[in-house]
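J.: Sharing input.cif below, mmCIF, C-alpha atoms:
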```cif
data_entry
#
loop_
_atom_site.label_atom_id
_atom_site.label_comp_id
_atom_site.auth_asym_id
_atom_site.auth_seq_id
_atom_site.Cartn_x
_atom_site.Cartn_y
_atom_site.Cartn_z
CA MET A 18 -35.67 10.30 73.30
CA GLY A 19 -37.16 12.94 71.10
CA ALA A 20 -38.57 11.15 68.14
CA SER A 21 -40.39 14.37 67.41
CA ILE A 22 -37.23 16.49 67.39
CA ASP A 23 -37.45 18.45 64.21
CA VAL A 24 -34.12 18.29 62.48
CA ARG A 25 -34.96 21.48 60.62
CA ASP A 26 -35.21 23.39 63.91
CA LEU A 27 -31.86 22.04 65.05
CA ALA A 28 -30.26 22.85 61.71
CA ARG A 29 -31.67 26.36 61.60
CA ALA A 30 -30.41 27.08 65.10
CA ALA A 31 -27.01 25.59 64.36
CA ALA A 32 -26.70 27.56 61.13
CA ALA A 33 -27.26 30.70 63.21
CA GLY A 34 -24.38 29.66 65.46
CA ASP A 35 -26.35 28.09 68.30
CA GLN A 36 -24.14 25.47 69.97
CA HIS A 37 -27.16 23.79 71.54
CA GLY A 38 -28.77 23.23 68.15
CA TRP A 39 -25.51 21.91 66.79
CA ASP A 40 -25.07 19.51 69.72
CA GLY A 41 -28.57 18.28 68.94
CA LEU A 42 -27.50 17.44 65.39
CA VAL A 43 -24.45 15.58 66.67
CA GLU A 44 -26.62 13.61 69.06
CA ARG A 45 -29.20 12.85 66.36
CA PHE A 46 -26.77 11.81 63.62
CA GLY A 47 -23.55 10.94 65.42
CA GLU A 48 -24.23 7.24 65.24
CA LEU A 49 -25.22 7.34 61.59
CA VAL A 50 -21.96 9.06 60.65
CA TRP A 51 -19.95 6.60 62.72
CA SER A 52 -21.85 3.55 61.42
CA THR A 53 -21.26 4.58 57.83
CA ILE A 54 -17.55 5.05 58.43
CA ARG A 55 -17.20 1.73 60.23
CA ALA A 56 -19.21 -0.03 57.53
CA TYR A 57 -16.33 0.83 55.19
CA GLY A 58 -13.90 -0.79 57.57
CA LEU A 59 -11.89 2.27 58.50
CA SER A 60 -9.67 1.83 61.52
CA PRO A 61 -10.69 3.78 64.62
CA GLY A 62 -7.95 6.32 63.88
CA ASP A 63 -8.91 6.89 60.26
CA GLY A 64 -12.53 6.68 61.31
CA ALA A 65 -12.07 9.51 63.77
CA ASP A 66 -10.49 11.61 60.99
CA ALA A 67 -13.31 10.85 58.58
CA ALA A 68 -15.90 11.70 61.24
CA GLN A 69 -14.16 14.94 62.12
CA THR A 70 -13.92 15.99 58.48
CA THR A 71 -17.59 15.15 57.93
CA TRP A 72 -18.74 17.32 60.83
CA LEU A 73 -16.38 20.15 59.90
CA LEU A 74 -17.80 20.11 56.40
CA LEU A 75 -21.32 20.30 57.77
CA ALA A 76 -20.41 23.18 60.06
CA GLU A 77 -18.90 25.03 57.12
CA GLN A 78 -21.74 24.35 54.69
CA LEU A 79 -24.79 24.33 56.94
CA GLY A 80 -25.63 27.87 56.00
CA HIS A 81 -25.64 26.89 52.32
CA LEU A 82 -27.73 23.76 52.84
CA GLU A 83 -31.04 25.30 53.89
CA ALA A 84 -32.94 23.46 51.18
CA GLN A 85 -31.63 20.19 52.55
CA HIS A 86 -32.14 20.70 56.27
CA GLU A 87 -34.98 18.23 56.22
CA ARG A 88 -32.73 15.55 54.74
CA LEU A 89 -29.59 16.29 56.70
CA GLY A 90 -29.15 12.61 57.54
CA VAL A 91 -28.89 11.81 53.86
CA TRP A 92 -26.30 14.57 53.36
CA LEU A 93 -24.28 13.39 56.35
CA ALA A 94 -24.40 9.74 55.26
CA ALA A 95 -23.28 10.65 51.74
CA THR A 96 -20.49 12.85 53.10
CA ALA A 97 -19.32 10.21 55.57
CA ARG A 98 -19.24 7.76 52.70
CA ARG A 99 -17.21 10.10 50.51
CA GLU A 100 -14.72 10.86 53.29
CA SER A 101 -14.37 7.14 54.08
CA LEU A 102 -13.64 6.34 50.45
CA ARG A 103 -11.17 9.21 50.29
CA LEU A 104 -9.22 7.87 53.24
CA LEU A 105 -9.38 4.32 51.92
CA GLY A 106 -8.07 5.54 48.57
CA ALA A 107 -5.30 7.58 50.13
CA ALA A 108 -4.30 4.64 52.31
CA ARG A 109 -3.80 2.48 49.24
CA ILE A 110 -1.52 5.06 47.64
CA ALA A 111 0.43 6.38 50.59
CA THR A 112 3.93 4.99 51.02
CA ALA A 113 3.69 4.25 54.73
CA ALA A 114 0.19 2.91 54.24
CA PRO A 115 -1.69 2.37 57.45
CA ASN A 116 -3.42 -0.97 57.70
CA SER A 117 -5.71 -0.95 54.73
CA ALA A 118 -7.01 -4.47 55.15
CA PRO A 119 -10.71 -4.73 55.71
CA ALA A 120 -11.26 -3.99 59.34
CA THR A 121 -11.67 -6.74 61.77
CA GLU A 122 -12.94 -4.13 64.14
CA PRO A 123 -10.98 -4.38 67.34
CA VAL A 124 -13.35 -5.16 70.14
CA ALA A 125 -12.25 -4.65 73.70
CA GLY A 126 -12.17 -7.92 75.54
CA ALA A 127 -13.87 -9.76 72.69
CA ALA A 128 -11.72 -12.84 73.06
CA ALA A 129 -12.89 -13.52 76.56
CA ALA A 130 -16.28 -11.87 76.32
CA GLN A 131 -19.17 -14.09 77.19
CA GLY A 132 -22.76 -13.45 76.62
CA ARG A 133 -25.19 -13.28 73.81
CA GLU A 134 -24.34 -9.75 72.76
CA ALA A 135 -20.70 -10.66 72.27
CA LEU A 136 -21.75 -13.63 70.18
CA LEU A 137 -24.13 -11.53 68.12
CA TRP A 138 -21.39 -9.00 67.50
CA ARG A 139 -18.92 -11.66 66.50
CA VAL A 140 -21.33 -13.20 64.01
CA VAL A 141 -22.10 -9.78 62.50
CA ARG A 142 -18.40 -9.26 61.88
CA GLU A 143 -18.15 -12.61 60.14
CA LEU A 144 -20.92 -11.89 57.66
CA PRO A 145 -20.01 -11.49 54.00
CA GLU A 146 -19.00 -7.91 53.31
CA HIS A 147 -22.21 -6.71 51.68
CA CYS A 148 -24.29 -7.93 54.63
CA ARG A 149 -21.81 -6.71 57.20
CA ARG A 150 -21.91 -3.23 55.68
CA LEU A 151 -25.66 -3.16 55.28
CA LEU A 152 -26.37 -4.31 58.81
CA ARG A 153 -23.69 -2.04 60.26
CA VAL A 154 -25.53 0.97 58.86
CA LEU A 155 -29.03 -0.38 59.51
CA LEU A 156 -28.24 -1.03 63.16
CA THR A 157 -27.79 2.67 63.84
CA VAL A 158 -29.93 4.32 66.50
CA PRO A 159 -32.29 5.86 65.61
CA PRO A 160 -32.83 3.50 62.64
CA PRO A 161 -31.87 5.26 59.44
CA SER A 162 -34.32 5.84 56.63
CA HIS A 163 -33.80 3.80 53.49
CA GLU A 164 -32.75 7.01 51.80
CA GLU A 165 -30.02 7.48 54.38
CA VAL A 166 -28.88 3.87 53.97
CA SER A 167 -28.86 4.36 50.21
CA ALA A 168 -26.67 7.45 50.56
CA ALA A 169 -24.32 5.75 53.01
CA LEU A 170 -23.72 2.65 50.90
CA ASP A 171 -24.56 3.79 47.38
CA LEU A 172 -27.33 1.21 47.12
CA PRO A 173 -30.60 1.60 45.25
CA ILE A 174 -33.37 2.39 47.73
CA ALA A 175 -35.74 -0.17 46.27
CA GLY A 176 -33.64 -3.20 47.18
CA ILE A 177 -32.82 -2.35 50.77
CA ALA A 178 -35.78 -4.03 52.52
CA ALA A 179 -35.25 -7.28 50.64
CA ALA A 180 -31.49 -7.19 51.20
CA GLN A 181 -32.04 -6.58 54.89
CA ALA A 182 -34.32 -9.61 55.15
CA ALA A 183 -31.86 -11.80 53.25
CA CYS A 184 -28.95 -10.70 55.45
CA LEU A 185 -30.92 -11.35 58.61
CA GLN A 186 -31.73 -14.81 57.34
CA ASP A 187 -28.04 -15.44 56.67
CA PHE A 188 -27.25 -14.08 60.10
CA ARG A 189 -29.72 -16.42 61.77
CA HIS A 190 -28.28 -19.37 59.92
CA ARG A 191 -24.76 -18.54 61.09
CA MET A 192 -25.96 -17.92 64.63
CA SER A 193 -27.51 -21.33 64.89
CA ASN A 194 -24.34 -22.98 63.57
CA PHE A 195 -22.30 -20.98 66.04
CA SER A 196 -24.52 -21.82 68.99
CA ILE A 197 -24.31 -25.49 68.21
CA ARG A 198 -20.52 -25.34 68.04
CA ALA A 199 -20.32 -23.33 71.25
CA GLU A 200 -22.50 -25.82 73.07
CA LEU A 201 -20.34 -28.68 71.89
CA GLU A 202 -17.19 -26.88 73.00
CA ASP A 203 -18.62 -26.15 76.42
CA SER A 204 -19.78 -29.67 77.09
CA MET B 1 -40.48 7.11 56.56
CA SER B 2 -43.77 5.20 56.66
CA ARG B 3 -43.11 4.00 53.14
CA ASP B 4 -39.89 2.48 54.43
CA THR B 5 -41.79 0.77 57.21
CA ASN B 6 -44.34 -0.66 54.80
CA GLU B 7 -41.65 -1.96 52.51
CA THR B 8 -39.71 -3.46 55.36
CA ALA B 9 -42.84 -5.06 56.78
CA GLU B 10 -43.24 -6.89 53.49
CA PHE B 11 -40.02 -8.71 54.11
CA LEU B 12 -39.49 -8.90 57.84
CA GLY B 13 -41.51 -10.71 60.47
CA PRO B 14 -42.10 -9.75 64.10
CA GLU B 15 -39.27 -11.97 65.29
CA ASP B 16 -36.92 -10.01 63.07
CA GLU B 17 -37.67 -6.84 64.98
CA GLY B 18 -36.65 -8.55 68.20
CA LEU B 19 -33.41 -9.69 66.64
CA LEU B 20 -32.73 -6.23 65.25
CA GLN B 21 -33.21 -4.72 68.69
CA GLU B 22 -30.68 -7.14 70.13
CA LEU B 23 -28.26 -6.40 67.34
CA ARG B 24 -28.63 -2.65 67.86
CA ALA B 25 -27.79 -3.15 71.51
CA ALA B 26 -24.75 -5.22 70.58
CA VAL B 27 -23.50 -2.57 68.16
CA ARG B 28 -23.99 0.18 70.73
CA ARG B 29 -22.08 -1.83 73.25
CA PHE B 30 -19.18 -2.93 71.09
CA ASP B 31 -18.74 -0.23 68.50
CA PRO B 32 -20.35 3.04 69.52
CA PRO B 33 -18.90 6.33 68.34
CA PRO B 34 -16.10 7.09 70.79
CA ASP B 35 -16.74 9.97 73.19
CA SER B 36 -13.70 11.74 71.76
CA VAL B 37 -15.21 11.59 68.27
CA LEU B 38 -18.49 13.08 69.48
CA GLU B 39 -16.66 15.74 71.47
CA VAL B 40 -14.66 16.78 68.42
CA ALA B 41 -17.88 16.76 66.40
CA ARG B 42 -19.54 19.14 68.86
CA ALA B 43 -16.51 21.42 68.80
CA SER B 44 -16.64 21.63 65.00
CA LEU B 45 -19.20 24.41 65.03
CA THR B 46 -16.61 26.90 66.24
CA TRP B 47 -14.50 26.31 63.14
CA ARG B 48 -17.09 27.55 60.72
CA THR B 49 -16.39 30.75 58.82
CA ILE B 50 -19.31 33.07 58.36
CA ASP B 51 -19.78 34.95 55.11
CA ALA B 52 -16.89 33.27 53.40
CA GLU B 53 -16.80 32.01 49.86
CA LEU B 54 -16.35 28.24 49.73
CA ALA B 55 -13.53 26.88 47.58
CA ALA B 56 -14.39 23.28 46.72
CA LEU B 57 -11.84 20.58 46.10
CA GLU B 58 -11.47 20.10 42.36
CA PHE B 59 -8.50 17.81 42.16
CA ASP B 60 -6.73 15.53 44.61
CA SER B 61 -3.79 13.52 43.30
CA ALA B 62 -4.36 10.95 46.03
CA VAL B 63 -7.75 10.16 44.55
CA ASP B 64 -7.77 11.28 40.94
CA VAL B 65 -4.65 9.60 39.62
CA ALA B 66 -5.53 7.18 36.86
CA ALA B 67 -5.25 3.59 37.98
CA THR B 68 -2.65 2.79 35.39
CA ALA B 69 -0.43 5.79 36.03
CA VAL B 70 2.84 5.22 37.77
CA ARG B 71 2.45 6.55 41.25
CA SER B 72 5.54 8.26 42.53
CA SER B 73 5.64 7.26 46.12
CA GLU B 74 8.00 10.13 46.89
CA GLY B 75 5.98 12.84 45.17
CA PRO B 76 3.96 15.35 47.12
CA ARG B 77 0.19 15.22 47.09
CA LEU B 78 -1.37 17.87 44.87
CA LEU B 79 -4.66 19.53 45.67
CA THR B 80 -6.58 22.16 43.76
CA PHE B 81 -9.46 24.15 45.24
CA ALA B 82 -11.68 26.45 43.25
CA ALA B 83 -13.98 29.32 44.12
CA PRO B 84 -15.44 31.80 41.64
CA GLY B 85 -12.49 33.77 40.32
CA LEU B 86 -9.86 31.99 42.38
CA SER B 87 -7.91 28.76 42.33
CA ILE B 88 -5.73 27.58 45.17
CA GLU B 89 -3.11 24.97 44.39
CA VAL B 90 -1.41 23.20 47.26
CA GLU B 91 1.40 20.68 47.39
CA VAL B 92 1.41 18.63 50.56
CA SER B 93 4.54 16.81 51.74
CA PRO B 94 4.60 14.62 54.82
CA ILE B 95 7.45 15.33 57.20
CA GLY B 96 7.06 12.71 59.85
CA PRO B 97 3.75 13.26 61.60
CA ARG B 98 3.44 16.82 60.19
CA ARG B 99 2.67 18.26 56.80
CA GLN B 100 4.45 20.92 54.80
CA LEU B 101 2.33 22.96 52.42
CA VAL B 102 3.56 24.87 49.38
CA GLY B 103 0.85 26.83 47.63
CA GLN B 104 -0.09 29.10 44.78
CA LEU B 105 -3.03 31.45 44.36
CA VAL B 106 -4.35 31.83 40.84
CA PRO B 107 -4.63 34.56 39.68
CA ALA B 108 -1.51 35.63 41.52
CA GLN B 109 -2.20 38.01 44.40
CA ALA B 110 -1.15 38.72 47.94
CA ALA B 111 -3.24 37.40 50.79
CA ARG B 112 -3.20 36.47 54.42
CA ILE B 113 -3.83 32.75 54.80
CA ASP B 114 -5.00 31.04 57.99
CA VAL B 115 -4.14 27.37 57.81
CA ARG B 116 -6.63 25.68 60.13
CA HIS B 117 -5.55 22.27 61.36
CA ALA B 118 -5.71 19.95 64.32
CA GLY B 119 -2.86 21.83 65.99
CA GLY B 120 -4.63 25.18 65.77
CA VAL B 121 -4.30 27.98 63.23
CA THR B 122 -1.05 28.83 61.45
CA THR B 123 -1.12 32.18 59.66
CA VAL B 124 1.11 32.76 56.65
CA ARG B 125 1.27 35.31 53.85
CA ALA B 126 1.03 34.82 50.13
CA ASP B 127 3.38 37.20 48.30
CA GLN B 128 2.50 39.36 45.28
CA LEU B 129 3.02 36.32 43.08
CA GLY B 130 0.48 34.39 45.12
CA ARG B 131 3.06 32.02 46.59
CA PHE B 132 2.85 30.79 50.15
CA GLY B 133 4.17 28.05 52.36
CA ALA B 134 3.38 26.59 55.76
CA ASP B 135 5.35 24.16 57.90
CA ALA B 136 4.57 21.95 60.82
CA ILE B 137 0.90 21.52 59.97
CA SER B 138 -0.68 18.74 62.01
CA ALA B 139 -1.93 15.70 60.15
CA GLY B 140 -5.70 15.50 60.03
CA PRO B 141 -8.41 17.75 58.59
CA VAL B 142 -7.02 20.99 57.12
CA SER B 143 -8.74 24.05 55.66
CA LEU B 144 -7.26 27.31 54.35
CA ARG B 145 -8.98 30.63 54.93
CA CYS B 146 -7.67 33.37 52.63
CA HIS B 147 -8.12 37.09 53.32
CA PHE B 148 -7.57 39.58 50.51
CA GLY B 149 -6.78 43.21 51.29
CA ASP B 150 -9.17 45.43 53.17
CA ALA B 151 -11.81 45.79 50.48
CA PRO B 152 -15.16 44.96 52.05
CA SER B 153 -16.29 43.66 48.70
CA SER B 154 -13.92 40.75 48.83
CA PRO B 155 -15.05 38.18 51.38
CA PRO B 156 -12.59 35.60 52.67
CA VAL B 157 -12.33 32.33 50.77
CA VAL B 158 -12.36 29.09 52.72
CA THR B 159 -11.34 25.72 51.31
CA GLU B 160 -13.35 22.68 52.19
CA TRP B 161 -11.86 20.49 54.90
CA ILE B 162 -9.52 17.81 53.62
CA PRO B 163 -7.79 15.16 55.69
CA LEU B 164 -4.04 15.36 55.15
#
```
Show how you would write the structure in this file as C-alpha cells.
T.:
Amino acid sequence: MGASIDVRDLARAAAAGDQHGWDGLVERFGELVWSTIRAYGLSPGDGADAAQTTWLLLAEQLGHLEAQHERLGVWLAATARRESLRLLGAARIATAAPNSAPATEPVAGAAAAQGREALLWRVVRELPEHCRRLLRVLLTVPPPSHEEVSAALDLPIAGIAAAQAACLQDFRHRMSNFSIRAELEDS
Amino acid sequence: MSRDTNETAEFLGPEDEGLLQELRAAVRRFDPPPDSVLEVARASLTWRTIDAELAALEFDSAVDVAATAVRSSEGPRLLTFAAPGLSIEVEVSPIGPRRQLVGQLVPAQAARIDVRHAGGVTTVRADQLGRFGADAISAGPVSLRCHFGDAPSSPPVVTEWIPL
C-alpha cells in the first residue's frame, strides 16, 4: 500500500480529468468518507446517497480546491459530515420519513456469527454514541489524521487523543464483561 | 501527522495498538464501503463540468426552516442556488419515487437547462421569463447545468449537487 502516495499528485491529475488519478483518490479516501457517514448512523441507502453526493461535489470543485489538495481528506471528511447531517435533517422533516432512528448497522449474519471479530464489532456498536462515532471514524484505513477526525465529527483536535484512549478503555471494560457472559452461556 | 502520533502516544499503550488493529479488521469485515458505493464514486469524475460557474446552495427549506415553524408536510421543498449575477430557485415535489422540479431563474432569462440526476440527464428550457420545469427526475443527487445563449463570454452555471 502506498503510504508515500502523494495526494497532491492524485488531485492534480484528477483535476485535469485523469480517471486514474481520480480512482486513486477514491481508493485513498473511500473508507474515510464511508466511516464518517456511518458514524452518523445513516442507513446504507442514505449512506450511499451521501457518499455519492460527496464525491460528486469533489469532482465538481476539485479544480477550485488547488490550495487544499494537500488536505483533501479534511475537505472530504467535512463534506461527508455536512451531507450526512443534511440527510438526517431531511429525514426528520420528510413526511414518509425513512428510518431515522440511530442506526443499529445491519450486519450480515451477525446473529449467528462466531469469532472474535464479530464480538469486537458487536461491542463497538454498543458503545455510547460519542465513543461509537469516534471509533467508527478512527478505525478507518489508512488511519485518519486528527485534523480529519476533527472535520468529520466537529470535535476539537486537542481532545481527540485523550478521548480515543478513554473510549478504548470503555471498550475493553465492556469486552471483558461480554466475554465473561459468553463463557457462562457456553458452559 | 507526527504530532498526532506523539499526542496519541501520550495516551495509548502498545497493547492499544494491537486492539486497534483488530478493530480495524473487524470494521473492514463488517462495514466496509460497499463496492457499489466505490464504483459510483469512481464514476463521479465524468459528471464534472469544466469551466462552469458554480452556483452554491444558499437556502434549503428542508434544513433552514426554523425549529419552531410549522412544517407543512405537503409543501414542496424550496432550494435557492446563487452564482455571481444569477439566482436559481427550485421547488421540488416528490411524486412517488421521482421528483418534479419547478424553477425560476433570477434575473429572468431564457436558458437551456440540463438536469443531471441518477437516471441520466433531462434537458429542459427556461422561457423568457426564466421559468422552467422538469418531471420524472430520479431521487438522489441532482445538479442543474444552465446554458445561456451562444455568447462565449457567458460560461454555463452549474448548481452544487443536492440529494433530493
J.: Applied to this file, what does the PyMOL selection byres ((chain A) within 6 of (chain B)) return in terms of residues, put as a PyMOL selection string?
T.: chain A and resi 40+51+65+69-70+72-73+76-77+107+112+134+138+156+178+182
J.: Could you tell me which of B:Val106, B:Leu78, B:Ala118, B:Leu101 comes closest to Phe132 in chain B if we count only C-alpha atoms?
T.: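 Closest candidate: B:Leu101.
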J.: As JSON, please: the centre and edge lengths in Å, to one decimal, of an axis-aligned box enclosing every listed atom of range 115-124 of chain B with 3 Å added on each side.
T.:
```
{"center_x": -2.8, "center_y": 26.4, "center_z": 61.3, "size_x": 13.7, "size_y": 18.8, "size_z": 15.3}
```
J.: Out of A:Pro159, A:Pro145, A:Gly62, A:Gly106, which residue has the shortest atom-to-atom distance to Glu44 in chain A when counting only C-alpha atoms?
T.: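 Closest to Glu44 in chain A of all the choices is A:Pro159.
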J.: What is the CA of Ala94 in chain A to CA of His147 in chain A distance in Å?
T.: 17.0 Å
J.: Which residue is closest to Leu151 in chain A? Choose from A:Ala168, A:Leu82, A:Ile197, A:Ala56 and count only C-alpha atoms.
T.: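 Closest candidate: A:Ala56.
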J.: What is the CA of Ser101 in chain A to CA of Thr71 in chain A distance in Å?
T.: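 Pair CA of Ser101 in chain A / CA of Thr71 in chain A returns 9.5 Å.
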J.: What does the distance from CA of Ser196 in chain A to CA of Arg142 in chain A come to in Å, to one decimal?
T.: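 These two atoms are separated by 15.7 Å.
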J.: Set the distance at 9 Å and use all atoms listed in the file: which residues neighbour Val124 in chain B once local chain neighbours fewer than 3 positions away are removed? I'd like the list as a list in words.
T.: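 Listing them by chain and then by number gives Ala111, Arg112, Ile113, Asp114, Val115, Phe132, Gly133 and Ala134 of chain B.
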J.: Would you write out those residues with C-alpha atoms, as an mmCIF file, in the frame of the given file?
T.:
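Writing done, so here's out13.cif:
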```cif
data_model
loop_
_atom_site.group_PDB
_atom_site.id
_atom_site.type_symbol
_atom_site.label_atom_id
_atom_site.label_comp_id
_atom_site.auth_asym_id
_atom_site.auth_seq_id
_atom_site.Cartn_x
_atom_site.Cartn_y
_atom_site.Cartn_z
ATOM 1 C CA ALA B 111 -3.240 37.400 50.790
ATOM 2 C CA ARG B 112 -3.200 36.470 54.420
ATOM 3 C CA ILE B 113 -3.830 32.750 54.800
ATOM 4 C CA ASP B 114 -5.000 31.040 57.990
ATOM 5 C CA VAL B 115 -4.140 27.370 57.810
ATOM 6 C CA PHE B 132 2.850 30.790 50.150
ATOM 7 C CA GLY B 133 4.170 28.050 52.360
ATOM 8 C CA ALA B 134 3.380 26.590 55.760
#
```
J.: Mind telling me what the PyMOL selection byres ((chain B and resi 81) around 8) catches here, as a VMD selection string?
T.: chain B and resid 55 to 59 79 to 80 82 to 83 87 to 89 159
J.: Just say which residues the PyMOL selection byres ((chain B and resi 108) around 8) picks in this file, as a list of chain:residue names.
T.: B:Gln104, B:Leu105, B:Val106, B:Pro107, B:Gln109, B:Ala110, B:Gln128, B:Leu129, B:Gly130, B:Arg131
J.: Point out the residue among A:Arg189, A:Arg25, A:Arg198, A:Arg150 with the least atom-to-atom distance to Glu15 in chain B, counting only C-alpha atoms.
T.: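 Nearest candidate to Glu15 in chain B out of A:Arg189, A:Arg25, A:Arg198, A:Arg150: A:Arg189.
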J.: Can you pull out the residues contacting range 160-164 of chain A? Cut-off 8 Å, using all atoms listed in the file, and skip same-chain residues under 2 positions away; I want them as a PyMOL selection string.
T.: (chain A and resi 49+91+154-158+166-168+174+177) or (chain B and resi 1+4)
J.: Near Ala95 in chain A, counting all atoms listed in the file, which residues have an atom at most 9 Å away, once you skip same-chain residues fewer than 4 positions from it, shown as a list of chain:residue names?
T.: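 The contact residues come out as A:Thr53, A:Gly90, A:Val91, A:Arg99, A:Glu100, A:Glu165, A:Ser167, A:Ala168, A:Ala169, A:Leu170, A:Asp171.
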J.: Would you please work out which residue, of B:Glu17, B:Ile95, B:Gly120, B:Gly85, is nearest to Val157 in chain B when using all atoms listed in the file?
T.: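 Checking each candidate against Val157 in chain B, we get B:Gly85 as the closest.
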J.: Measuring between all atoms listed in the file, which one of A:Arg103, A:His190, A:His37, A:Arg88 shows the shortest distance to Leu144 in chain A?
T.: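 Closest candidate: A:His190.
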